>>> print(open('data-v1.cif').read())   # mmCIF, C-alpha atoms
data_final
loop_
_atom_site.group_PDB
_atom_site.id
_atom_site.type_symbol
_atom_site.label_atom_id
_atom_site.label_comp_id
_atom_site.auth_asym_id
_atom_site.auth_seq_id
_atom_site.Cartn_x
_atom_site.Cartn_y
_atom_site.Cartn_z
ATOM 1 C CA ILE A 18 -23.688 77.596 1.801
ATOM 2 C CA LEU A 19 -27.081 76.081 2.367
ATOM 3 C CA PRO A 20 -27.151 72.273 2.647
ATOM 4 C CA GLY A 21 -26.498 70.756 -0.794
ATOM 5 C CA GLY A 22 -25.308 67.382 0.395
ATOM 6 C CA SER A 23 -28.586 65.520 -0.103
ATOM 7 C CA GLY A 24 -28.889 66.704 -3.707
ATOM 8 C CA LEU A 25 -25.269 65.825 -4.354
ATOM 9 C CA PHE A 26 -25.694 62.305 -3.063
ATOM 10 C CA LEU A 27 -28.907 61.768 -5.055
ATOM 11 C CA MET A 28 -27.046 62.872 -8.183
ATOM 12 C CA ALA A 29 -24.159 60.512 -7.354
ATOM 13 C CA ALA A 30 -26.567 57.602 -6.999
ATOM 14 C CA ARG A 31 -28.011 58.403 -10.437
ATOM 15 C CA LEU A 32 -24.533 58.518 -11.971
ATOM 16 C CA LYS A 33 -23.607 55.241 -10.312
ATOM 17 C CA ASN A 34 -26.707 53.673 -11.837
ATOM 18 C CA GLY A 35 -25.795 54.738 -15.350
ATOM 19 C CA ALA A 36 -26.713 58.392 -15.848
ATOM 20 C CA ASP A 37 -24.179 60.352 -17.896
ATOM 21 C CA SER A 38 -24.253 63.622 -15.944
ATOM 22 C CA GLY A 39 -26.113 65.572 -13.292
ATOM 23 C CA SER A 40 -26.265 68.915 -11.538
ATOM 24 C CA VAL A 41 -26.986 70.138 -8.039
ATOM 25 C CA GLY A 42 -27.562 73.677 -6.832
ATOM 26 C CA VAL A 43 -25.638 75.083 -3.891
ATOM 27 C CA ARG A 44 -26.522 78.615 -2.786
ATOM 28 C CA LYS A 45 -24.487 81.309 -1.076
ATOM 29 C CA TYR A 46 -25.902 84.789 -0.513
ATOM 30 C CA ASP A 47 -22.971 87.146 -0.707
ATOM 31 C CA GLY A 48 -24.501 90.476 -1.592
ATOM 32 C CA GLY A 49 -22.640 93.093 -3.613
ATOM 33 C CA ASP A 50 -22.187 93.178 -7.376
ATOM 34 C CA GLY A 51 -21.999 89.447 -8.060
ATOM 35 C CA GLU A 52 -18.288 89.045 -7.407
ATOM 36 C CA MET A 53 -17.327 86.527 -4.740
ATOM 37 C CA SER A 54 -15.425 87.561 -1.680
ATOM 38 C CA LEU A 55 -12.232 85.703 -0.791
ATOM 39 C CA GLU A 56 -14.115 84.101 2.070
ATOM 40 C CA THR A 57 -16.756 82.772 -0.333
ATOM 41 C CA LEU A 58 -14.129 81.449 -2.727
ATOM 42 C CA ASP A 59 -12.442 79.559 0.119
ATOM 43 C CA THR A 60 -15.804 78.244 1.325
ATOM 44 C CA VAL A 61 -16.762 76.951 -2.122
ATOM 45 C CA ARG A 62 -13.374 75.268 -2.579
ATOM 46 C CA ALA A 63 -13.677 73.637 0.834
ATOM 47 C CA PHE A 64 -17.161 72.392 -0.066
ATOM 48 C CA THR A 65 -16.010 70.895 -3.396
ATOM 49 C CA ASP A 66 -13.033 69.201 -1.723
ATOM 50 C CA LYS A 67 -15.298 67.612 0.889
ATOM 51 C CA ALA A 68 -17.890 66.680 -1.730
ATOM 52 C CA ASN A 69 -15.297 64.920 -3.871
ATOM 53 C CA LEU A 70 -13.917 63.088 -0.856
ATOM 54 C CA ALA A 71 -17.417 61.829 -0.006
ATOM 55 C CA LEU A 72 -18.187 60.879 -3.620
ATOM 56 C CA LYS A 73 -14.914 59.006 -3.921
ATOM 57 C CA THR A 74 -15.474 57.203 -0.617
ATOM 58 C CA TYR A 75 -19.097 56.155 -1.138
ATOM 59 C CA PHE A 76 -19.523 56.010 -4.922
ATOM 60 C CA GLU A 77 -15.995 55.826 -6.431
ATOM 61 C CA LEU A 78 -16.814 58.958 -8.427
ATOM 62 C CA THR A 79 -15.075 62.287 -8.873
ATOM 63 C CA ALA A 80 -17.032 65.440 -9.636
ATOM 64 C CA VAL A 81 -16.102 68.559 -11.571
ATOM 65 C CA PHE A 82 -17.724 71.809 -10.413
ATOM 66 C CA GLY A 83 -18.608 74.826 -12.523
ATOM 67 C CA VAL A 84 -19.354 77.812 -10.288
ATOM 68 C CA SER A 85 -21.212 80.933 -11.412
ATOM 69 C CA ARG A 86 -20.907 84.432 -10.034
ATOM 70 C CA VAL A 87 -22.996 85.131 -6.937
ATOM 71 C CA CYS A 88 -26.721 84.958 -7.653
ATOM 72 C CA ASP A 89 -28.350 87.897 -5.870
ATOM 73 C CA SER A 90 -31.958 86.963 -6.716
ATOM 74 C CA TYR A 91 -34.052 84.093 -8.042
ATOM 75 C CA GLU A 92 -34.756 86.137 -11.193
ATOM 76 C CA ASN A 93 -31.062 85.799 -12.153
ATOM 77 C CA LEU A 94 -30.929 82.057 -11.509
ATOM 78 C CA GLU A 95 -31.117 81.076 -15.196
ATOM 79 C CA GLU A 96 -28.266 83.442 -16.086
ATOM 80 C CA CYS A 97 -26.134 82.062 -13.262
ATOM 81 C CA PHE A 98 -26.833 78.501 -14.343
ATOM 82 C CA GLY A 99 -25.552 79.437 -17.813
ATOM 83 C CA GLN A 100 -22.415 80.895 -16.251
ATOM 84 C CA ALA A 101 -21.815 77.700 -14.294
ATOM 85 C CA LYS A 102 -22.245 75.633 -17.458
ATOM 86 C CA THR A 103 -19.770 77.860 -19.335
ATOM 87 C CA ALA A 104 -17.256 77.380 -16.521
ATOM 88 C CA LEU A 105 -17.832 73.631 -16.693
ATOM 89 C CA ASP A 106 -17.355 73.633 -20.479
ATOM 90 C CA ASP A 107 -14.090 75.516 -19.975
ATOM 91 C CA TYR A 108 -12.854 72.662 -17.770
ATOM 92 C CA TYR A 109 -12.974 70.360 -20.813
ATOM 93 C CA TYR A 110 -10.087 72.328 -22.352
ATOM 94 C CA ASP A 111 -8.256 73.231 -19.120
ATOM 95 C CA SER A 112 -8.596 70.498 -16.501
ATOM 96 C CA SER A 113 -5.963 71.826 -14.095
ATOM 97 C CA ALA A 114 -8.441 71.999 -11.161
ATOM 98 C CA PRO A 115 -11.763 70.210 -10.441
ATOM 99 C CA VAL A 116 -13.544 73.487 -9.639
ATOM 100 C CA VAL A 117 -13.838 76.253 -12.259
ATOM 101 C CA PHE A 118 -15.193 79.703 -11.368
ATOM 102 C CA TYR A 119 -16.961 81.741 -14.015
ATOM 103 C CA THR A 120 -14.915 84.847 -14.797
ATOM 104 C CA GLY A 121 -16.441 85.813 -18.123
ATOM 105 C CA GLN A 122 -14.832 82.988 -20.109
ATOM 106 C CA LYS A 123 -15.797 82.662 -23.754
ATOM 107 C CA LEU A 124 -14.881 79.423 -25.476
ATOM 108 C CA PRO A 125 -12.813 79.997 -28.638
ATOM 109 C CA VAL A 126 -14.822 79.715 -31.849
ATOM 110 C CA SER A 127 -11.936 78.047 -33.688
ATOM 111 C CA ARG A 128 -12.436 74.636 -32.055
ATOM 112 C CA SER A 129 -12.842 71.800 -34.595
ATOM 113 C CA HIS A 130 -16.419 70.861 -35.414
ATOM 114 C CA SER A 131 -15.500 67.576 -37.106
ATOM 115 C CA PHE A 132 -12.663 65.085 -36.885
ATOM 116 C CA ASN A 133 -12.622 62.335 -39.506
ATOM 117 C CA ILE A 134 -10.218 59.449 -38.833
ATOM 118 C CA ASN A 135 -10.977 57.615 -42.084
ATOM 119 C CA PHE A 136 -7.681 58.821 -43.570
ATOM 120 C CA ILE A 137 -5.707 56.505 -41.251
ATOM 121 C CA LYS A 138 -7.906 53.401 -41.469
ATOM 122 C CA LYS A 139 -5.841 51.808 -44.231
ATOM 123 C CA ASP A 140 -2.647 52.224 -42.174
ATOM 124 C CA LEU A 141 -4.381 50.861 -39.069
ATOM 125 C CA ALA A 142 -5.555 47.799 -41.011
ATOM 126 C CA ALA A 143 -2.005 47.221 -42.298
ATOM 127 C CA CYS A 144 -0.656 47.385 -38.726
ATOM 128 C CA VAL A 145 -3.146 44.764 -37.536
ATOM 129 C CA HIS A 146 -2.602 42.477 -40.507
ATOM 130 C CA GLN A 147 1.181 42.674 -40.147
ATOM 131 C CA ASN A 148 1.218 42.646 -36.333
ATOM 132 C CA ASP A 149 3.182 45.885 -36.415
ATOM 133 C CA GLY A 150 2.763 47.234 -32.889
ATOM 134 C CA GLU A 151 5.416 49.923 -33.256
ATOM 135 C CA LYS A 152 3.802 51.413 -36.336
ATOM 136 C CA LEU A 153 0.416 51.344 -34.577
ATOM 137 C CA ARG A 154 1.913 53.202 -31.606
ATOM 138 C CA GLU A 155 3.283 55.800 -34.014
ATOM 139 C CA ILE A 156 -0.162 56.296 -35.627
ATOM 140 C CA PHE A 157 -1.811 56.738 -32.230
ATOM 141 C CA GLY A 158 0.851 59.307 -31.344
ATOM 142 C CA GLN A 159 0.034 61.235 -34.523
ATOM 143 C CA LEU A 160 -3.685 61.104 -33.712
ATOM 144 C CA ILE A 161 -3.144 62.384 -30.192
ATOM 145 C CA GLY A 162 -0.988 65.188 -31.597
ATOM 146 C CA LEU A 163 -3.786 66.167 -34.004
ATOM 147 C CA PHE A 164 -6.310 66.192 -31.146
ATOM 148 C CA ARG A 165 -4.059 68.484 -29.125
ATOM 149 C CA GLU A 166 -3.520 70.774 -32.090
ATOM 150 C CA HIS A 167 -7.154 71.101 -33.202
ATOM 151 C CA GLN A 168 -8.815 70.590 -29.785
ATOM 152 C CA PRO A 169 -12.131 69.153 -30.996
ATOM 153 C CA SER A 170 -15.226 69.611 -28.856
ATOM 154 C CA LYS A 171 -16.211 66.767 -26.548
ATOM 155 C CA SER A 172 -18.921 65.423 -28.867
ATOM 156 C CA VAL A 173 -16.533 65.465 -31.837
ATOM 157 C CA ALA A 174 -13.673 63.857 -29.862
ATOM 158 C CA VAL A 175 -15.947 61.129 -28.470
ATOM 159 C CA SER A 176 -17.386 60.418 -31.926
ATOM 160 C CA ALA A 177 -13.876 60.047 -33.397
ATOM 161 C CA CYS A 178 -12.838 57.709 -30.540
ATOM 162 C CA ILE A 179 -15.949 55.561 -31.034
ATOM 163 C CA ASN A 180 -15.150 55.339 -34.747
ATOM 164 C CA LEU A 181 -11.546 54.348 -33.945
ATOM 165 C CA TYR A 182 -12.552 51.796 -31.308
ATOM 166 C CA THR A 183 -15.283 50.074 -33.356
ATOM 167 C CA TYR A 184 -13.106 49.953 -36.480
ATOM 168 C CA LEU A 185 -10.229 48.258 -34.651
ATOM 169 C CA TYR A 186 -12.622 45.984 -32.736
ATOM 170 C CA SER A 187 -13.895 44.624 -36.075
ATOM 171 C CA PHE A 188 -10.501 42.923 -36.585
ATOM 172 C CA PHE A 189 -10.677 41.138 -33.213
ATOM 173 C CA GLU A 190 -14.399 40.408 -32.911
ATOM 174 C CA GLU A 191 -13.981 36.646 -33.320
ATOM 175 C CA GLU A 192 -11.397 36.532 -30.527
ATOM 176 C CA SER A 193 -13.055 39.076 -28.219
ATOM 177 C CA ALA A 194 -12.651 36.823 -25.162
ATOM 178 C CA ALA A 195 -8.856 36.900 -25.540
ATOM 179 C CA CYS A 196 -8.895 40.696 -26.014
ATOM 180 C CA GLN A 197 -11.302 41.565 -23.209
ATOM 181 C CA ASP A 198 -8.760 43.818 -21.515
ATOM 182 C CA ILE A 199 -8.359 45.878 -24.713
ATOM 183 C CA PHE A 200 -11.986 45.865 -25.893
ATOM 184 C CA PRO A 201 -14.108 45.741 -22.717
ATOM 185 C CA TYR A 202 -16.852 47.984 -24.135
ATOM 186 C CA SER A 203 -17.907 46.221 -27.315
ATOM 187 C CA ILE A 204 -21.460 47.526 -26.893
ATOM 188 C CA ASN A 205 -21.410 50.607 -24.645
ATOM 189 C CA VAL A 206 -18.107 52.308 -25.483
ATOM 190 C CA ALA A 207 -20.003 55.577 -26.134
ATOM 191 C CA LYS A 208 -21.378 55.555 -22.602
ATOM 192 C CA HIS A 209 -17.901 55.005 -21.190
ATOM 193 C CA LEU A 210 -16.308 57.793 -23.247
ATOM 194 C CA ASN A 211 -19.074 60.300 -22.512
ATOM 195 C CA ARG A 212 -18.247 60.108 -18.812
ATOM 196 C CA PHE A 213 -14.910 61.829 -19.400
ATOM 197 C CA CYS A 214 -15.033 65.499 -18.447
ATOM 198 C CA SER A 215 -11.917 66.781 -20.207
ATOM 199 C CA LEU A 216 -9.956 66.446 -23.417
ATOM 200 C CA THR A 217 -6.974 65.325 -21.312
ATOM 201 C CA GLU A 218 -8.979 62.335 -20.008
ATOM 202 C CA ILE A 219 -9.993 61.393 -23.561
ATOM 203 C CA LEU A 220 -6.381 61.592 -24.737
ATOM 204 C CA ASN A 221 -5.227 59.491 -21.774
ATOM 205 C CA TRP A 222 -7.823 56.865 -22.723
ATOM 206 C CA MET A 223 -6.610 56.916 -26.327
ATOM 207 C CA GLN A 224 -2.967 56.549 -25.240
ATOM 208 C CA ASN A 225 -3.814 53.612 -22.970
ATOM 209 C CA PHE A 226 -5.923 51.948 -25.688
ATOM 210 C CA GLY A 227 -3.113 52.323 -28.229
ATOM 211 C CA ASP A 228 -0.452 51.011 -25.827
ATOM 212 C CA LYS A 229 -2.471 47.869 -25.021
ATOM 213 C CA LEU A 230 -3.225 47.147 -28.662
ATOM 214 C CA SER A 231 0.396 47.761 -29.649
ATOM 215 C CA LYS A 232 1.579 45.276 -27.018
ATOM 216 C CA LEU A 233 -0.893 42.661 -28.281
ATOM 217 C CA LEU A 234 0.386 43.009 -31.846
ATOM 218 C CA ASN A 235 4.043 42.851 -30.738
ATOM 219 C CA ASP A 236 3.322 39.724 -28.673
ATOM 220 C CA ARG A 237 1.688 38.117 -31.690
ATOM 221 C CA LYS A 238 4.781 38.776 -33.764
ATOM 222 C CA LYS A 239 6.758 36.468 -31.482
ATOM 223 C CA ASN A 240 4.448 33.555 -32.316
ATOM 224 C CA PRO A 241 5.713 31.433 -35.281
ATOM 225 C CA ALA A 242 2.192 31.045 -36.688
ATOM 226 C CA ASP A 243 1.616 34.785 -36.535
ATOM 227 C CA ARG A 244 4.980 35.447 -38.154
ATOM 228 C CA LEU A 245 4.024 33.186 -41.060
ATOM 229 C CA SER A 246 0.651 34.919 -41.360
ATOM 230 C CA ALA A 247 2.345 38.325 -41.365
ATOM 231 C CA ARG A 248 4.721 37.170 -44.145
ATOM 232 C CA THR A 249 1.755 35.890 -46.131
ATOM 233 C CA ARG A 250 -0.170 39.145 -45.791
ATOM 234 C CA ARG A 251 2.906 41.158 -46.724
ATOM 235 C CA TYR A 252 3.443 38.970 -49.804
ATOM 236 C CA ILE A 253 -0.186 39.391 -50.896
ATOM 237 C CA ASP A 254 -0.067 43.165 -50.339
ATOM 238 C CA GLU A 255 3.077 43.438 -52.475
ATOM 239 C CA HIS A 256 1.746 41.181 -55.275
ATOM 240 C CA CYS A 257 -1.955 42.064 -55.285
ATOM 241 C CA GLN A 258 -1.713 43.118 -58.954
ATOM 242 C CA GLU A 259 -0.950 39.490 -59.885
ATOM 243 C CA LYS A 260 -3.255 36.506 -60.193
ATOM 244 C CA LEU A 261 -2.735 34.946 -56.770
ATOM 245 C CA THR A 262 -3.579 31.447 -55.574
ATOM 246 C CA LEU A 263 -2.857 29.572 -52.374
ATOM 247 C CA THR A 264 -0.529 27.206 -54.283
ATOM 248 C CA LYS A 265 1.502 30.031 -55.835
ATOM 249 C CA ILE A 266 1.885 31.862 -52.523
ATOM 250 C CA ALA A 267 2.925 28.658 -50.713
ATOM 251 C CA GLN A 268 5.525 27.898 -53.382
ATOM 252 C CA ASP A 269 7.017 31.386 -53.195
ATOM 253 C CA LEU A 270 7.132 31.221 -49.387
ATOM 254 C CA ASN A 271 8.640 27.715 -49.552
ATOM 255 C CA ILE A 272 5.928 26.059 -47.445
ATOM 256 C CA SER A 273 3.210 23.482 -48.075
ATOM 257 C CA ALA A 274 -0.162 24.847 -49.190
ATOM 258 C CA GLY A 275 -2.017 22.788 -46.567
ATOM 259 C CA HIS A 276 0.111 24.063 -43.686
ATOM 260 C CA LEU A 277 -0.149 27.650 -44.925
ATOM 261 C CA SER A 278 -3.931 27.440 -45.280
ATOM 262 C CA LEU A 279 -4.461 25.963 -41.792
ATOM 263 C CA THR A 280 -1.970 28.265 -40.047
ATOM 264 C CA PHE A 281 -3.266 31.430 -41.724
ATOM 265 C CA SER A 282 -6.927 30.734 -40.917
ATOM 266 C CA LYS A 283 -6.193 29.860 -37.296
ATOM 267 C CA SER A 284 -4.036 32.947 -36.813
ATOM 268 C CA THR A 285 -6.221 35.523 -38.586
ATOM 269 C CA GLY A 286 -9.751 34.123 -38.589
ATOM 270 C CA MET A 287 -9.914 34.419 -42.389
ATOM 271 C CA THR A 288 -8.809 32.256 -45.306
ATOM 272 C CA VAL A 289 -5.951 33.124 -47.642
ATOM 273 C CA SER A 290 -8.518 33.652 -50.405
ATOM 274 C CA ASP A 291 -10.440 36.069 -48.182
ATOM 275 C CA TYR A 292 -7.330 38.130 -47.603
ATOM 276 C CA ILE A 293 -6.453 38.148 -51.303
ATOM 277 C CA ALA A 294 -9.933 39.533 -52.022
ATOM 278 C CA TYR A 295 -9.515 42.106 -49.226
ATOM 279 C CA ALA A 296 -6.108 43.303 -50.485
ATOM 280 C CA LYS A 297 -7.273 43.553 -54.095
ATOM 281 C CA THR A 298 -10.444 45.395 -53.052
ATOM 282 C CA GLU A 299 -8.458 47.949 -51.032
ATOM 283 C CA ARG A 300 -6.148 48.556 -53.993
ATOM 284 C CA ALA A 301 -9.163 48.818 -56.305
ATOM 285 C CA LYS A 302 -10.655 51.499 -54.029
ATOM 286 C CA GLU A 303 -7.495 53.578 -54.405
ATOM 287 C CA LEU A 304 -7.608 53.279 -58.188
ATOM 288 C CA LEU A 305 -11.325 54.110 -58.325
ATOM 289 C CA ARG A 306 -10.815 57.187 -56.139
ATOM 290 C CA SER A 307 -8.277 58.472 -58.640
ATOM 291 C CA HIS A 308 -10.964 58.503 -61.396
ATOM 292 C CA GLN A 309 -8.227 57.734 -63.940
ATOM 293 C CA TYR A 310 -9.126 54.181 -64.993
ATOM 294 C CA LEU A 311 -12.060 52.300 -66.497
ATOM 295 C CA ILE A 312 -13.510 49.321 -64.634
ATOM 296 C CA TYR A 313 -12.081 46.757 -67.060
ATOM 297 C CA GLU A 314 -8.628 48.390 -66.775
ATOM 298 C CA ILE A 315 -8.647 48.075 -62.982
ATOM 299 C CA SER A 316 -9.835 44.480 -63.277
ATOM 300 C CA ASP A 317 -6.909 43.707 -65.571
ATOM 301 C CA MET A 318 -4.409 45.626 -63.416
ATOM 302 C CA LEU A 319 -5.360 43.549 -60.354
ATOM 303 C CA GLY A 320 -5.180 40.150 -62.051
ATOM 304 C CA PHE A 321 -8.893 39.326 -62.164
ATOM 305 C CA GLU A 322 -10.127 36.884 -64.817
ATOM 306 C CA ASN A 323 -12.671 39.375 -66.152
ATOM 307 C CA PRO A 324 -14.507 42.587 -65.132
ATOM 308 C CA TYR A 325 -17.619 40.643 -64.119
ATOM 309 C CA TYR A 326 -15.706 38.596 -61.536
ATOM 310 C CA PHE A 327 -13.935 41.741 -60.305
ATOM 311 C CA SER A 328 -17.308 43.473 -59.787
ATOM 312 C CA LYS A 329 -18.659 40.431 -57.958
ATOM 313 C CA VAL A 330 -15.689 40.309 -55.534
ATOM 314 C CA PHE A 331 -15.772 44.086 -55.003
ATOM 315 C CA LYS A 332 -19.505 44.192 -54.270
ATOM 316 C CA LYS A 333 -19.275 41.281 -51.848
ATOM 317 C CA ALA A 334 -16.573 43.147 -49.895
ATOM 318 C CA THR A 335 -18.066 46.653 -49.971
ATOM 319 C CA GLY A 336 -21.793 46.306 -50.673
ATOM 320 C CA LEU A 337 -21.331 48.523 -53.756
ATOM 321 C CA SER A 338 -20.424 47.817 -57.341
ATOM 322 C CA PRO A 339 -17.154 49.410 -58.526
ATOM 323 C CA ARG A 340 -19.135 51.984 -60.522
ATOM 324 C CA GLU A 341 -21.352 52.842 -57.528
ATOM 325 C CA TYR A 342 -18.277 53.217 -55.322
ATOM 326 C CA GLU A 343 -16.549 55.468 -57.849
ATOM 327 C CA LYS A 344 -19.590 57.751 -57.996
ATOM 328 C CA SER A 345 -19.724 57.973 -54.206
ATOM 329 C CA VAL A 346 -16.158 59.286 -53.764
#
>>> encode(input="data-v1.cif", output="C-alpha cells")
Amino acid sequence: ILPGGSGLFLMAARLKNGADSGSVGVRKYDGGDGEMSLETLDTVRAFTDKANLALKTYFELTAVFGVSRVCDSYENLEECFGQAKTALDDYYYDSSAPVVFYTGQKLPVSRSHSFNINFIKKDLAACVHQNDGEKLREIFGQLIGLFREHQPSKSVAVSACINLYTYLYSFFEEESAACQDIFPYSINVAKHLNRFCSLTEILNWMQNFGDKLSKLLNDRKKNPADRLSARTRRYIDEHCQEKLTLTKIAQDLNISAGHLSLTFSKSTGMTVSDYIAYAKTERAKELLRSHQYLIYEISDMLGFENPYYFSKVFKKATGLSPREYEKSV
C-alpha cells in the first residue's frame, strides 16, 4: 500500500473542522483479475485498524472504509471508486465491521424512500403536556421498530429524526437552558445526525434521546406544580367540547383560580386560555379532516360563542382558516 497517511490526516482535519465526510485513496497493485489475495485483505485490514487508532488518538474520530476490488489501471479508477462507495453504502445497513470490501453488493430496492412521523405528533404532544414519560418511551420504541422494519435510507432517516427533534424542541424552547443535555443541537442538529454512518448509530441516538426526554417528563411528574398542570391539561382535553373558563376549571379542580393561573403558566410557559385554545384547535383539526361537518357545526360542538370567533382562534393557532385547512387535508 502506497503511503496514504498524509491524505488521511488532511481529511481528518477537515472533518474535525466541520466537514461532513471525506475520502482518501490508498493504492495496492495486486495484479490478476481484480480479486484481492488473502495477503492483500490482511494488509488492508491492518491499515484500517492503524488508521482508526491514529484518528481516534489525534482527532477523536472513527472512520469507516469502503474498499473496492483491485484497480489494475488508472482507466478503471472511476469504476473502482463506485465500488468503494457501494461498499460504504452497504455499511449503513450492516455496520458489523468498520471496513467493507466490495463483493458485488447491490442495495435492495425496497428500502423506504419516505418516512413521515406526523402521525405520532398528537400523541407526542399529549405525552409532553401530561408529563407521561412512560408513554413517550413506548412511542419511541414503536418508532425504532418501524425504522428497523422499513430500513429507510440515511437521508430519509436523518430527515425524520430532524422532524422529531425540532417538533419536540418546540415544547421546551423557553426553558432550553434547563434542557441543554437533551436538546444540545437547537440549530445544527442536521449536521450532528449526518455524521452517523449507519442506521444502527441513528437508532442508538434516537433511543438515547427518547430515554433522556422520558426521564425529564417523569421527574416533572414528581413536582406538585407539574402534577397540577398535568391535571389541568387532562381536564381540558376531556372537556374541550364545553365552554371552558379559568374559573370553571378551578372550581372543578377544587383550587383557587389565581393559584391555578400562576402555577400553570410557570410550569408550562403558557396560560390556561392558551392551552384551551390549543386543545380545541387540535380537536377541530380532527373534525375537519373527517370532512363530515360544516364550520358552524364544529364551532358549536367545541363550545365556541360563534363561528367567527372559532375561525379567529383557529387561524391564530394554525395560520389557516378552518376552510383553508379543510381543503388542504
>>> atom_distance(input="data-v1.cif", atom1="CA of His308 in chain A", atom2="CA of Pro339 in chain A")
11.4 Å
>>> resolve_selection(input="data-v1.cif", expression="the PyMOL selection byres ((chain A and resi 316-323) around 7)", output="MDAnalysis selection string")
chainID A and resid 257:260 297 312:315 324:327
>>> resolve_selection(input="data-v1.cif", expression="the PyMOL selection byres ((chain A and resi 305) around 9)", output="ChimeraX atom specification")
/A:300-304,306-312,315,339-340,342-343,346
>>> residues_around(input="data-v1.cif", residues="range 146-156 of chain A", least_positions_apart="6", cutoff="9 Å", atoms="all atoms listed in the file", output="VMD selection string")
chain A and resid 137 140 188 224 227 to 228 230 to 238 243 to 244 246 to 248 250 to 251 285
>>> residues_around(input="data-v1.cif", residues="Asn135 in chain A", least_positions_apart="5", cutoff="10 Å", atoms="only C-alpha atoms", output="list in words")
Asp140, Leu141, Ala177, Asn180, Leu181 and Tyr184 of chain A
>>> axis_aligned_box(input="data-v1.cif", around="range 208-220 of chain A", padding_each_side="4 Å", output="AutoDock Vina command-line options")
--center_x -13.9 --center_y 60.9 --center_z -21.6 --size_x 23.0 --size_y 19.8 --size_z 14.3
>>> atom_distance(input="data-v1.cif", atom1="CA of Asp254 in chain A", atom2="CA of Ala296 in chain A")
6.0 Å
>>> atom_distance(input="data-v1.cif", atom1="CA of Ala142 in chain A", atom2="CA of Asn221 in chain A")
22.5 Å
>>> residues_around(input="data-v1.cif", residues="Gly286 in chain A", least_positions_apart="5", cutoff="12 Å", atoms="only C-alpha atoms", output="ChimeraX atom specification")
/A:146,187-193,243,246,278-281,291-292
>>> write_last_selection(input="data-v1.cif", atoms="C-alpha atoms", output="short mmCIF file (atom, residue, chain, number, x, y, z; two decimals), keeping the file's coordinate frame")
data_model
loop_
_atom_site.label_atom_id
_atom_site.label_comp_id
_atom_site.auth_asym_id
_atom_site.auth_seq_id
_atom_site.Cartn_x
_atom_site.Cartn_y
_atom_site.Cartn_z
CA HIS A 146 -2.60 42.48 -40.51
CA SER A 187 -13.90 44.62 -36.08
CA PHE A 188 -10.50 42.92 -36.58
CA PHE A 189 -10.68 41.14 -33.21
CA GLU A 190 -14.40 40.41 -32.91
CA GLU A 191 -13.98 36.65 -33.32
CA GLU A 192 -11.40 36.53 -30.53
CA SER A 193 -13.06 39.08 -28.22
CA ASP A 243 1.62 34.78 -36.53
CA SER A 246 0.65 34.92 -41.36
CA SER A 278 -3.93 27.44 -45.28
CA LEU A 279 -4.46 25.96 -41.79
CA THR A 280 -1.97 28.26 -40.05
CA PHE A 281 -3.27 31.43 -41.72
CA ASP A 291 -10.44 36.07 -48.18
CA TYR A 292 -7.33 38.13 -47.60
#
>>> resolve_selection(input="data-v1.cif", expression="the PyMOL selection byres ((chain A and resi 66) around 12)", output="list in words")
Asp59, Thr60, Val61, Arg62, Ala63, Phe64, Thr65, Lys67, Ala68, Asn69, Leu70, Ala71, Leu72, Lys73, Thr79, Ala80, Val81, Phe82, Ala114, Pro115 and Val116 of chain A
>>> residues_around(input="data-v1.cif", residues="Asp111 in chain A", least_positions_apart="3", cutoff="12 Å", atoms="only C-alpha atoms", output="number ranges by chain")
A: 81, 104-108, 114-117, 122, 124, 165, 168, 214-218
>>> residues_around(input="data-v1.cif", residues="Ile179 in chain A", least_positions_apart="4", cutoff="8 Å", atoms="all atoms listed in the file", output="number ranges by chain")
A: 175, 183, 206-207
>>> closest_residue(input="data-v1.cif", among="A:Val289, A:Ser284, A:Lys344, A:Gly275", to="Leu261 in chain A", atoms="all atoms listed in the file")
A:Val289
>>> decode(input="data-v1.cif", residues="range 166-176 of chain A", atoms="N, CA and C atoms", output="mmCIF file, in the first residue's frame")
data_model
loop_
_atom_site.group_PDB
_atom_site.id
_atom_site.type_symbol
_atom_site.label_atom_id
_atom_site.label_comp_id
_atom_site.auth_asym_id
_atom_site.auth_seq_id
_atom_site.Cartn_x
_atom_site.Cartn_y
_atom_site.Cartn_z
ATOM 1 N N GLU A 166 -37.909 -2.087 10.713
ATOM 2 C CA GLU A 166 -38.711 -2.852 9.760
ATOM 3 C C GLU A 166 -38.560 -2.318 8.334
ATOM 4 N N HIS A 167 -38.647 -0.995 8.177
ATOM 5 C CA HIS A 167 -38.650 -0.405 6.834
ATOM 6 C C HIS A 167 -37.267 0.014 6.347
ATOM 7 N N GLN A 168 -36.299 0.144 7.278
ATOM 8 C CA GLN A 168 -34.922 0.479 6.942
ATOM 9 C C GLN A 168 -34.821 1.624 5.936
ATOM 10 N N PRO A 169 -35.224 2.825 6.348
ATOM 11 C CA PRO A 169 -35.143 3.977 5.444
ATOM 12 C C PRO A 169 -33.690 4.316 5.117
ATOM 13 N N SER A 170 -33.488 4.943 3.974
ATOM 14 C CA SER A 170 -32.145 5.380 3.597
ATOM 15 C C SER A 170 -31.647 6.410 4.610
ATOM 16 N N LYS A 171 -30.365 6.719 4.544
ATOM 17 C CA LYS A 171 -29.796 7.654 5.519
ATOM 18 C C LYS A 171 -30.468 9.018 5.432
ATOM 19 N N SER A 172 -30.652 9.542 4.224
ATOM 20 C CA SER A 172 -31.250 10.871 4.082
ATOM 21 C C SER A 172 -32.671 10.890 4.634
ATOM 22 N N VAL A 173 -33.423 9.824 4.408
ATOM 23 C CA VAL A 173 -34.798 9.744 4.901
ATOM 24 C C VAL A 173 -34.813 9.615 6.429
ATOM 25 N N ALA A 174 -33.936 8.772 6.972
ATOM 26 C CA ALA A 174 -33.867 8.579 8.428
ATOM 27 C C ALA A 174 -33.460 9.869 9.132
ATOM 28 N N VAL A 175 -32.457 10.554 8.580
ATOM 29 C CA VAL A 175 -31.993 11.815 9.181
ATOM 30 C C VAL A 175 -33.101 12.860 9.127
ATOM 31 N N SER A 176 -33.788 12.954 8.004
ATOM 32 C CA SER A 176 -34.881 13.920 7.862
ATOM 33 C C SER A 176 -35.983 13.660 8.895
#
